[in-house]
>>> print(open('run00.cif').read())   # mmCIF, C-alpha atoms
data_my_file
loop_
_atom_site.group_PDB
_atom_site.id
_atom_site.type_symbol
_atom_site.label_atom_id
_atom_site.label_comp_id
_atom_site.auth_asym_id
_atom_site.auth_seq_id
_atom_site.Cartn_x
_atom_site.Cartn_y
_atom_site.Cartn_z
ATOM 1 C CA MET A 1 0.000 0.000 0.000
ATOM 2 C CA THR A 2 1.385 3.394 -1.018
ATOM 3 C CA SER A 3 1.332 6.213 1.530
ATOM 4 C CA ASN A 4 0.569 9.672 0.096
ATOM 5 C CA LYS A 5 2.491 12.391 1.887
ATOM 6 C CA ALA A 6 0.855 15.707 2.595
ATOM 7 C CA LEU A 7 4.124 17.560 3.234
ATOM 8 C CA GLU A 8 7.711 17.239 2.142
ATOM 9 C CA PHE A 9 10.405 19.009 4.160
ATOM 10 C CA LYS A 10 13.701 20.071 2.626
ATOM 11 C CA GLY A 11 16.755 21.490 4.319
ATOM 12 C CA ARG A 12 16.638 24.952 2.845
ATOM 13 C CA MET A 13 17.755 27.911 4.967
ATOM 14 C CA LEU A 14 15.915 31.193 4.439
ATOM 15 C CA SER A 15 18.017 34.358 4.419
ATOM 16 C CA LEU A 16 16.657 36.778 7.009
ATOM 17 C CA THR A 17 17.156 40.481 7.405
ATOM 18 C CA ARG A 18 17.589 41.466 11.058
ATOM 19 C CA ALA A 19 15.724 44.551 12.253
ATOM 20 C CA ARG A 20 16.763 45.840 15.673
ATOM 21 C CA ILE A 21 14.089 47.940 17.398
ATOM 22 C CA LEU A 22 15.724 51.088 18.754
ATOM 23 C CA ASP A 23 12.556 53.144 19.288
ATOM 24 C CA PRO A 24 9.248 51.240 19.674
ATOM 25 C CA ASP A 25 7.149 54.305 18.703
ATOM 26 C CA PRO A 26 4.879 52.978 15.886
ATOM 27 C CA ASN A 27 4.711 56.385 14.197
ATOM 28 C CA ALA A 28 8.496 56.723 14.039
ATOM 29 C CA ILE A 29 8.844 53.165 12.760
ATOM 30 C CA SER A 30 6.101 53.609 10.155
ATOM 31 C CA THR A 31 7.686 56.828 8.882
ATOM 32 C CA GLN A 32 11.092 55.193 8.506
ATOM 33 C CA LEU A 33 9.662 52.118 6.799
ATOM 34 C CA GLN A 34 7.610 54.191 4.359
ATOM 35 C CA GLU A 35 10.741 56.097 3.375
ATOM 36 C CA PHE A 36 12.687 52.832 3.114
ATOM 37 C CA ALA A 37 9.987 51.385 0.846
ATOM 38 C CA ARG A 38 9.985 54.528 -1.300
ATOM 39 C CA GLN A 39 13.760 54.364 -1.716
ATOM 40 C CA MET A 40 13.946 50.604 -2.373
ATOM 41 C CA PRO A 41 10.564 49.110 -3.338
ATOM 42 C CA GLN A 42 12.045 45.929 -4.819
ATOM 43 C CA ALA A 43 14.164 45.240 -1.755
ATOM 44 C CA VAL A 44 11.322 45.767 0.707
ATOM 45 C CA ARG A 45 8.638 43.791 -1.093
ATOM 46 C CA GLY A 46 8.531 40.302 0.443
ATOM 47 C CA MET A 47 11.644 40.819 2.575
ATOM 48 C CA PRO A 48 11.692 38.218 5.415
ATOM 49 C CA VAL A 49 12.594 39.953 8.683
ATOM 50 C CA MET A 50 13.671 38.801 12.139
ATOM 51 C CA LEU A 51 13.031 41.329 14.929
ATOM 52 C CA GLU A 52 15.414 41.846 17.821
ATOM 53 C CA ALA A 53 15.710 44.312 20.690
ATOM 54 C CA ASP A 54 17.712 44.917 23.839
ATOM 55 C CA ARG A 55 14.574 45.015 25.988
ATOM 56 C CA ALA A 56 10.975 43.858 25.891
ATOM 57 C CA VAL A 57 8.823 46.211 23.807
ATOM 58 C CA PRO A 58 5.361 45.964 22.218
ATOM 59 C CA ILE A 59 5.852 44.592 18.730
ATOM 60 C CA GLU A 60 2.305 44.606 17.364
ATOM 61 C CA GLY A 61 2.699 48.078 15.872
ATOM 62 C CA VAL A 62 6.100 47.209 14.451
ATOM 63 C CA ILE A 63 4.715 44.119 12.730
ATOM 64 C CA ALA A 64 1.741 46.043 11.326
ATOM 65 C CA ALA A 65 4.001 48.780 9.936
ATOM 66 C CA MET A 66 6.286 46.228 8.296
ATOM 67 C CA ARG A 67 3.427 44.322 6.703
ATOM 68 C CA GLU A 68 1.945 47.575 5.425
ATOM 69 C CA VAL A 69 5.032 48.200 3.265
ATOM 70 C CA GLY A 70 5.262 44.572 2.119
ATOM 71 C CA MET A 71 7.837 43.149 4.538
ATOM 72 C CA GLN A 72 7.263 39.716 6.068
ATOM 73 C CA PRO A 73 8.122 39.498 9.793
ATOM 74 C CA VAL A 74 8.704 35.782 10.403
ATOM 75 C CA GLY A 75 10.184 35.659 13.884
ATOM 76 C CA VAL A 76 12.050 37.290 16.732
ATOM 77 C CA ALA A 77 15.515 36.630 18.072
ATOM 78 C CA ASP A 78 15.518 34.578 21.264
ATOM 79 C CA GLY A 79 15.681 37.113 24.081
ATOM 80 C CA PRO A 80 13.549 40.014 25.342
ATOM 81 C CA LEU A 81 10.993 39.739 22.519
ATOM 82 C CA ALA A 82 10.363 35.999 22.947
ATOM 83 C CA GLY A 83 7.398 36.518 25.260
ATOM 84 C CA ALA A 84 5.555 38.716 22.764
ATOM 85 C CA ALA A 85 6.276 36.468 19.786
ATOM 86 C CA ALA A 86 3.662 33.787 20.505
ATOM 87 C CA ALA A 87 0.840 36.291 20.832
ATOM 88 C CA CYS A 88 1.760 37.720 17.437
ATOM 89 C CA GLY A 89 2.136 34.361 15.726
ATOM 90 C CA LEU A 90 5.893 34.692 15.200
ATOM 91 C CA ALA A 91 8.588 32.096 15.722
ATOM 92 C CA VAL A 92 11.387 32.474 18.276
ATOM 93 C CA LEU A 93 14.655 31.987 16.394
ATOM 94 C CA PRO A 94 18.213 31.521 17.719
ATOM 95 C CA ALA A 95 19.834 34.878 18.336
ATOM 96 C CA ASP A 96 22.857 33.767 16.289
ATOM 97 C CA GLY A 97 20.682 32.867 13.324
ATOM 98 C CA GLY A 98 21.234 29.175 14.017
ATOM 99 C CA GLN A 99 24.950 29.271 13.231
ATOM 100 C CA ARG A 100 25.982 27.455 16.413
ATOM 101 C CA SER A 101 23.449 24.677 16.000
ATOM 102 C CA ARG A 102 24.374 24.214 12.339
ATOM 103 C CA SER A 103 28.063 24.159 13.230
ATOM 104 C CA ALA A 104 27.464 21.534 15.907
ATOM 105 C CA ALA A 105 25.472 19.399 13.501
ATOM 106 C CA ALA A 106 28.246 19.626 10.957
ATOM 107 C CA THR A 107 30.734 18.450 13.598
ATOM 108 C CA THR A 108 28.737 15.500 14.869
ATOM 109 C CA GLU A 109 27.130 14.450 11.594
ATOM 110 C CA PRO A 110 29.569 15.112 8.764
ATOM 111 C CA ALA A 111 28.119 14.853 5.289
ATOM 112 C CA PRO A 112 29.594 15.098 1.821
ATOM 113 C CA ALA A 113 29.747 18.664 0.590
ATOM 114 C CA ALA A 114 27.000 19.371 -1.910
ATOM 115 C CA PRO A 115 27.784 21.513 -4.938
ATOM 116 C CA ALA A 116 26.520 25.080 -4.620
ATOM 117 C CA PRO A 117 23.302 25.648 -6.571
ATOM 118 C CA ARG A 118 23.909 27.396 -9.874
ATOM 119 C CA ARG A 119 22.573 30.933 -9.745
ATOM 120 C CA SER A 120 20.758 32.128 -12.831
ATOM 121 C CA ALA A 121 21.380 35.549 -14.349
ATOM 122 C CA ARG A 122 19.212 38.039 -16.182
ATOM 123 C CA ILE A 123 21.127 39.955 -18.863
ATOM 124 C CA VAL A 124 20.001 43.388 -20.033
ATOM 125 C CA THR A 125 21.692 44.702 -23.177
ATOM 126 C CA GLU A 126 19.793 47.974 -23.637
ATOM 127 C CA PRO A 127 20.210 51.153 -21.528
ATOM 128 C CA VAL A 128 17.956 51.243 -18.468
ATOM 129 C CA ARG A 129 16.100 54.536 -18.802
ATOM 130 C CA SER A 130 14.711 56.877 -16.157
ATOM 131 C CA GLY A 131 11.535 55.474 -14.603
ATOM 132 C CA GLN A 132 12.316 51.854 -15.531
ATOM 133 C CA GLN A 133 12.509 49.139 -12.881
ATOM 134 C CA ILE A 134 14.273 45.870 -13.658
ATOM 135 C CA TYR A 135 14.369 42.987 -11.192
ATOM 136 C CA ALA A 136 16.161 39.628 -11.367
ATOM 137 C CA ALA A 137 14.440 37.102 -9.110
ATOM 138 C CA GLU A 138 16.513 34.292 -7.564
ATOM 139 C CA GLY A 139 19.654 35.273 -9.433
ATOM 140 C CA ASP A 140 22.044 37.963 -10.609
ATOM 141 C CA LEU A 141 21.372 40.941 -12.842
ATOM 142 C CA ILE A 142 23.874 41.918 -15.527
ATOM 143 C CA VAL A 143 23.438 45.260 -17.285
ATOM 144 C CA LEU A 144 25.716 45.748 -20.285
ATOM 145 C CA SER A 145 24.859 49.416 -20.743
ATOM 146 C CA THR A 146 24.029 52.560 -18.744
ATOM 147 C CA VAL A 147 21.579 52.816 -15.843
ATOM 148 C CA SER A 148 20.120 56.316 -16.042
ATOM 149 C CA ALA A 149 19.239 58.594 -13.136
ATOM 150 C CA GLY A 150 15.717 57.780 -11.957
ATOM 151 C CA ALA A 151 16.008 54.106 -12.984
ATOM 152 C CA GLU A 152 16.097 51.192 -10.541
ATOM 153 C CA ILE A 153 17.772 47.803 -10.923
ATOM 154 C CA ALA A 154 17.514 45.048 -8.334
ATOM 155 C CA ALA A 155 18.417 41.388 -7.929
ATOM 156 C CA ASP A 156 18.126 38.689 -5.311
ATOM 157 C CA GLY A 157 21.786 37.995 -6.067
ATOM 158 C CA CYS A 158 24.545 40.283 -7.331
ATOM 159 C CA VAL A 159 24.215 43.291 -9.628
ATOM 160 C CA HIS A 160 26.771 43.955 -12.390
ATOM 161 C CA VAL A 161 26.740 47.182 -14.404
ATOM 162 C CA TYR A 162 29.216 47.421 -17.273
ATOM 163 C CA GLY A 163 28.282 51.002 -18.104
ATOM 164 C CA VAL A 164 27.596 54.067 -15.976
ATOM 165 C CA LEU A 165 25.455 53.502 -12.872
ATOM 166 C CA ARG A 166 23.495 56.718 -12.236
ATOM 167 C CA GLY A 167 20.245 55.314 -10.834
ATOM 168 C CA ARG A 168 19.503 52.972 -7.950
ATOM 169 C CA ALA A 169 21.075 49.519 -7.579
ATOM 170 C CA ILE A 170 19.890 46.913 -5.077
ATOM 171 C CA ALA A 171 21.633 43.578 -4.509
ATOM 172 C CA GLY A 172 20.441 40.864 -2.124
ATOM 173 C CA ALA A 173 16.867 42.131 -2.451
ATOM 174 C CA ARG A 174 15.559 39.153 -0.443
ATOM 175 C CA GLY A 175 18.169 39.446 2.282
ATOM 176 C CA ASP A 176 21.276 37.751 0.836
ATOM 177 C CA ALA A 177 24.060 39.502 2.771
ATOM 178 C CA ASP A 178 26.723 37.920 0.541
ATOM 179 C CA ALA A 179 25.443 39.681 -2.575
ATOM 180 C CA ARG A 180 27.487 42.494 -4.128
ATOM 181 C CA ILE A 181 27.193 45.355 -6.590
ATOM 182 C CA PHE A 182 29.842 45.855 -9.269
ATOM 183 C CA CYS A 183 29.916 48.778 -11.670
ATOM 184 C CA ARG A 184 32.353 50.263 -14.158
ATOM 185 C CA ARG A 185 31.497 53.921 -13.477
ATOM 186 C CA PHE A 186 29.928 54.829 -10.131
ATOM 187 C CA GLU A 187 27.522 57.780 -10.096
ATOM 188 C CA ALA A 188 24.647 56.107 -8.224
ATOM 189 C CA GLU A 189 21.704 57.805 -6.540
ATOM 190 C CA LEU A 190 21.375 54.883 -4.129
ATOM 191 C CA VAL A 191 23.005 51.503 -3.541
ATOM 192 C CA ALA A 192 21.816 48.785 -1.187
ATOM 193 C CA VAL A 193 22.783 45.266 -0.151
ATOM 194 C CA ALA A 194 20.328 43.146 1.865
ATOM 195 C CA GLY A 195 18.428 46.221 3.039
ATOM 196 C CA VAL A 196 21.461 48.272 4.117
ATOM 197 C CA TYR A 197 21.651 51.322 1.888
ATOM 198 C CA ALA A 198 23.411 54.605 1.193
ATOM 199 C CA VAL A 199 22.205 57.580 -0.860
ATOM 200 C CA ALA A 200 24.166 59.913 -3.127
ATOM 201 C CA GLU A 201 24.819 62.477 -0.377
ATOM 202 C CA GLN A 202 26.672 59.793 1.592
ATOM 203 C CA MET A 203 28.730 58.612 -1.369
ATOM 204 C CA GLN A 204 30.521 61.739 -2.550
ATOM 205 C CA GLY A 205 34.296 61.679 -2.842
ATOM 206 C CA GLU A 206 37.091 60.056 -4.758
ATOM 207 C CA LEU A 207 35.105 56.925 -5.623
ATOM 208 C CA ARG A 208 32.609 58.828 -7.765
ATOM 209 C CA ARG A 209 33.073 58.056 -11.471
ATOM 210 C CA GLN A 210 35.340 55.112 -10.611
ATOM 211 C CA ALA A 211 34.907 51.369 -11.019
ATOM 212 C CA VAL A 212 33.730 50.070 -7.632
ATOM 213 C CA GLN A 213 32.237 47.166 -5.742
ATOM 214 C CA VAL A 214 29.717 47.431 -2.918
ATOM 215 C CA TRP A 215 29.220 44.800 -0.229
ATOM 216 C CA LEU A 216 28.424 44.230 3.450
ATOM 217 C CA ALA A 217 31.094 43.773 6.114
ATOM 218 C CA ASP A 218 29.898 43.241 9.707
ATOM 219 C CA GLY A 219 26.490 44.586 8.727
ATOM 220 C CA LYS A 220 27.892 47.842 7.315
ATOM 221 C CA LEU A 221 27.929 48.911 3.692
ATOM 222 C CA ARG A 222 31.389 49.174 2.149
ATOM 223 C CA ILE A 223 32.333 50.740 -1.182
ATOM 224 C CA GLU A 224 35.801 50.260 -2.610
ATOM 225 C CA ARG A 225 37.498 50.827 -5.909
ATOM 226 C CA LEU A 226 37.802 47.873 -8.256
ATOM 227 C CA GLU A 227 41.378 47.390 -9.342
ATOM 228 C CA GLY A 228 42.358 46.057 -12.730
#
>>> encode(input="run00.cif", output="structure tokens")
Amino acid sequence: MTSNKALEFKGRMLSLTRARILDPDPNAISTQLQEFARQMPQAVRGMPVMLEADRAVPIEGVIAAMREVGMQPVGVADGPLAGAAAACGLAVLPADGGQRSRSAAATTEPAPAAPAPRRSARIVTEPVRSGQQIYAAEGDLIVLSTVSAGAEIAADGCVHVYGVLRGRAIAGARGDADARIFCRRFEAELVAVAGVYAVAEQMQGELRRQAVQVWLADGKLRIERLEG
């Protein structure tokens, strides 16, 4: 007799963006999130978020504000918010993102290394004009021409621009902190990796009009010149 399964579980780890609550005021949070969503609509839409805080605070308003802009709060870090999580239907997740438990499992139950999944890429050969939005889901985005001011390009993986980048570029739109942005000539209005962003006013200096890469180091956005 064949048994029909209703569910199949696979060992896939979801990338989460951590959001630390500094001020629990719902109005302040809503204002910041609305601005965040205006700056980076592709990054915000569907972004899975884990909440954390240094003390117990009401999280109902925070959750409502996040869902209003399209974010998906899925849990809280184990700690001061754990008590409020159950009432809000959120999971309590390891504060370290599960790294210790995964490391322990790897030590006690070694398994053959699986090849990394091949990431697809979307290639754009035409200039990306002002007002256009181009998004590469579950892969990288490669633009072989110019990204104009007022245009937005985004990818769940890395973003590569082989022309001038004048608009907005978003890598790791679903929270992949290992994603990067590469461009041949850097004149961007905004760049972001996994929800951490910088605007043009913060990016003035010697790197403007240079070939650069943008990535996250210890949760902070870094921009450095590409050599070669």
>>> closest_residue(input="run00.cif", among="A:Ile29, A:Leu190, A:Leu226, A:Leu207", to="Ala65 of chain A", atoms="all atoms listed in the file")
A:Ile29
>>> residues_around(input="run00.cif", residues="Cys183 of chain A", least_positions_apart="4", cutoff="9 Å", atoms="all atoms listed in the file", output="JSON list (two decimals) with C-alpha atoms, in the coordinates of the input")
[["chain", "number", "residue", "atom", "x", "y", "z"],
["A", 159, "VAL", "CA", 24.22, 43.29, -9.63],
["A", 160, "HIS", "CA", 26.77, 43.96, -12.39],
["A", 161, "VAL", "CA", 26.74, 47.18, -14.40],
["A", 162, "TYR", "CA", 29.22, 47.42, -17.27],
["A", 163, "GLY", "CA", 28.28, 51.00, -18.10],
["A", 164, "VAL", "CA", 27.60, 54.07, -15.98],
["A", 165, "LEU", "CA", 25.46, 53.50, -12.87],
["A", 210, "GLN", "CA", 35.34, 55.11, -10.61],
["A", 211, "ALA", "CA", 34.91, 51.37, -11.02],
["A", 212, "VAL", "CA", 33.73, 50.07, -7.63],
["A", 213, "GLN", "CA", 32.24, 47.17, -5.74],
["A", 214, "VAL", "CA", 29.72, 47.43, -2.92],
["A", 226, "LEU", "CA", 37.80, 47.87, -8.26]]
>>> closest_residue(input="run00.cif", among="A:Glu227, A:Glu52, A:Asp25, A:Asp218", to="Asp178 of chain A", atoms="only C-alpha atoms")
A:Asp218
>>> atom_distance(input="run00.cif", atom1="atom CA of Arg129 of chain A", atom2="atom CA of Ala149 of chain A")
7.6 Å
>>> axis_aligned_box(input="run00.cif", around="segment 35-53 of chain A", padding_each_side="6 Å", output="lines of an AutoDock Vina configuration file")
center_x = 12.1
center_y = 47.2
center_z = 7.9
size_x = 19.2
size_y = 29.9
size_z = 37.5
>>> closest_residue(input="run00.cif", among="A:Ile142, A:Ile223, A:Ala84, A:Ala173", to="Ala37 of chain A", atoms="only C-alpha atoms")
A:Ala173
>>> closest_residue(input="run00.cif", among="A:Glu152, A:Glu206, A:Glu224, A:Asp176", to="Val191 of chain A", atoms="only C-alpha atoms")
A:Glu152
>>> residues_around(input="run00.cif", residues="Arg166 of chain A", least_positions_apart="6", cutoff="9 Å", atoms="only C-alpha atoms", output="mmCIF file with C-alpha atoms, keeping the file's coordinate frame")
data_model
loop_
_atom_site.group_PDB
_atom_site.id
_atom_site.type_symbol
_atom_site.label_atom_id
_atom_site.label_comp_id
_atom_site.auth_asym_id
_atom_site.auth_seq_id
_atom_site.Cartn_x
_atom_site.Cartn_y
_atom_site.Cartn_z
ATOM 1 C CA THR A 146 24.029 52.560 -18.744
ATOM 2 C CA VAL A 147 21.579 52.816 -15.843
ATOM 3 C CA SER A 148 20.120 56.316 -16.042
ATOM 4 C CA ALA A 149 19.239 58.594 -13.136
ATOM 5 C CA GLY A 150 15.717 57.780 -11.957
ATOM 6 C CA ALA A 151 16.008 54.106 -12.984
ATOM 7 C CA ARG A 185 31.497 53.921 -13.477
ATOM 8 C CA PHE A 186 29.928 54.829 -10.131
ATOM 9 C CA GLU A 187 27.522 57.780 -10.096
ATOM 10 C CA ALA A 188 24.647 56.107 -8.224
ATOM 11 C CA GLU A 189 21.704 57.805 -6.540
ATOM 12 C CA LEU A 190 21.375 54.883 -4.129
#
>>> closest_residue(input="run00.cif", among="A:Val62, A:Leu51, A:Val76, A:Val44", to="Ser30 of chain A", atoms="all atoms listed in the file")
A:Val62
>>> residues_near_point(input="run00.cif", point="(7.5, 36.6, 20.7)", cutoff="12 Å", atoms="all atoms listed in the file", output="VMD selection string")
chain A and resid 50 to 53 56 to 60 63 73 to 93
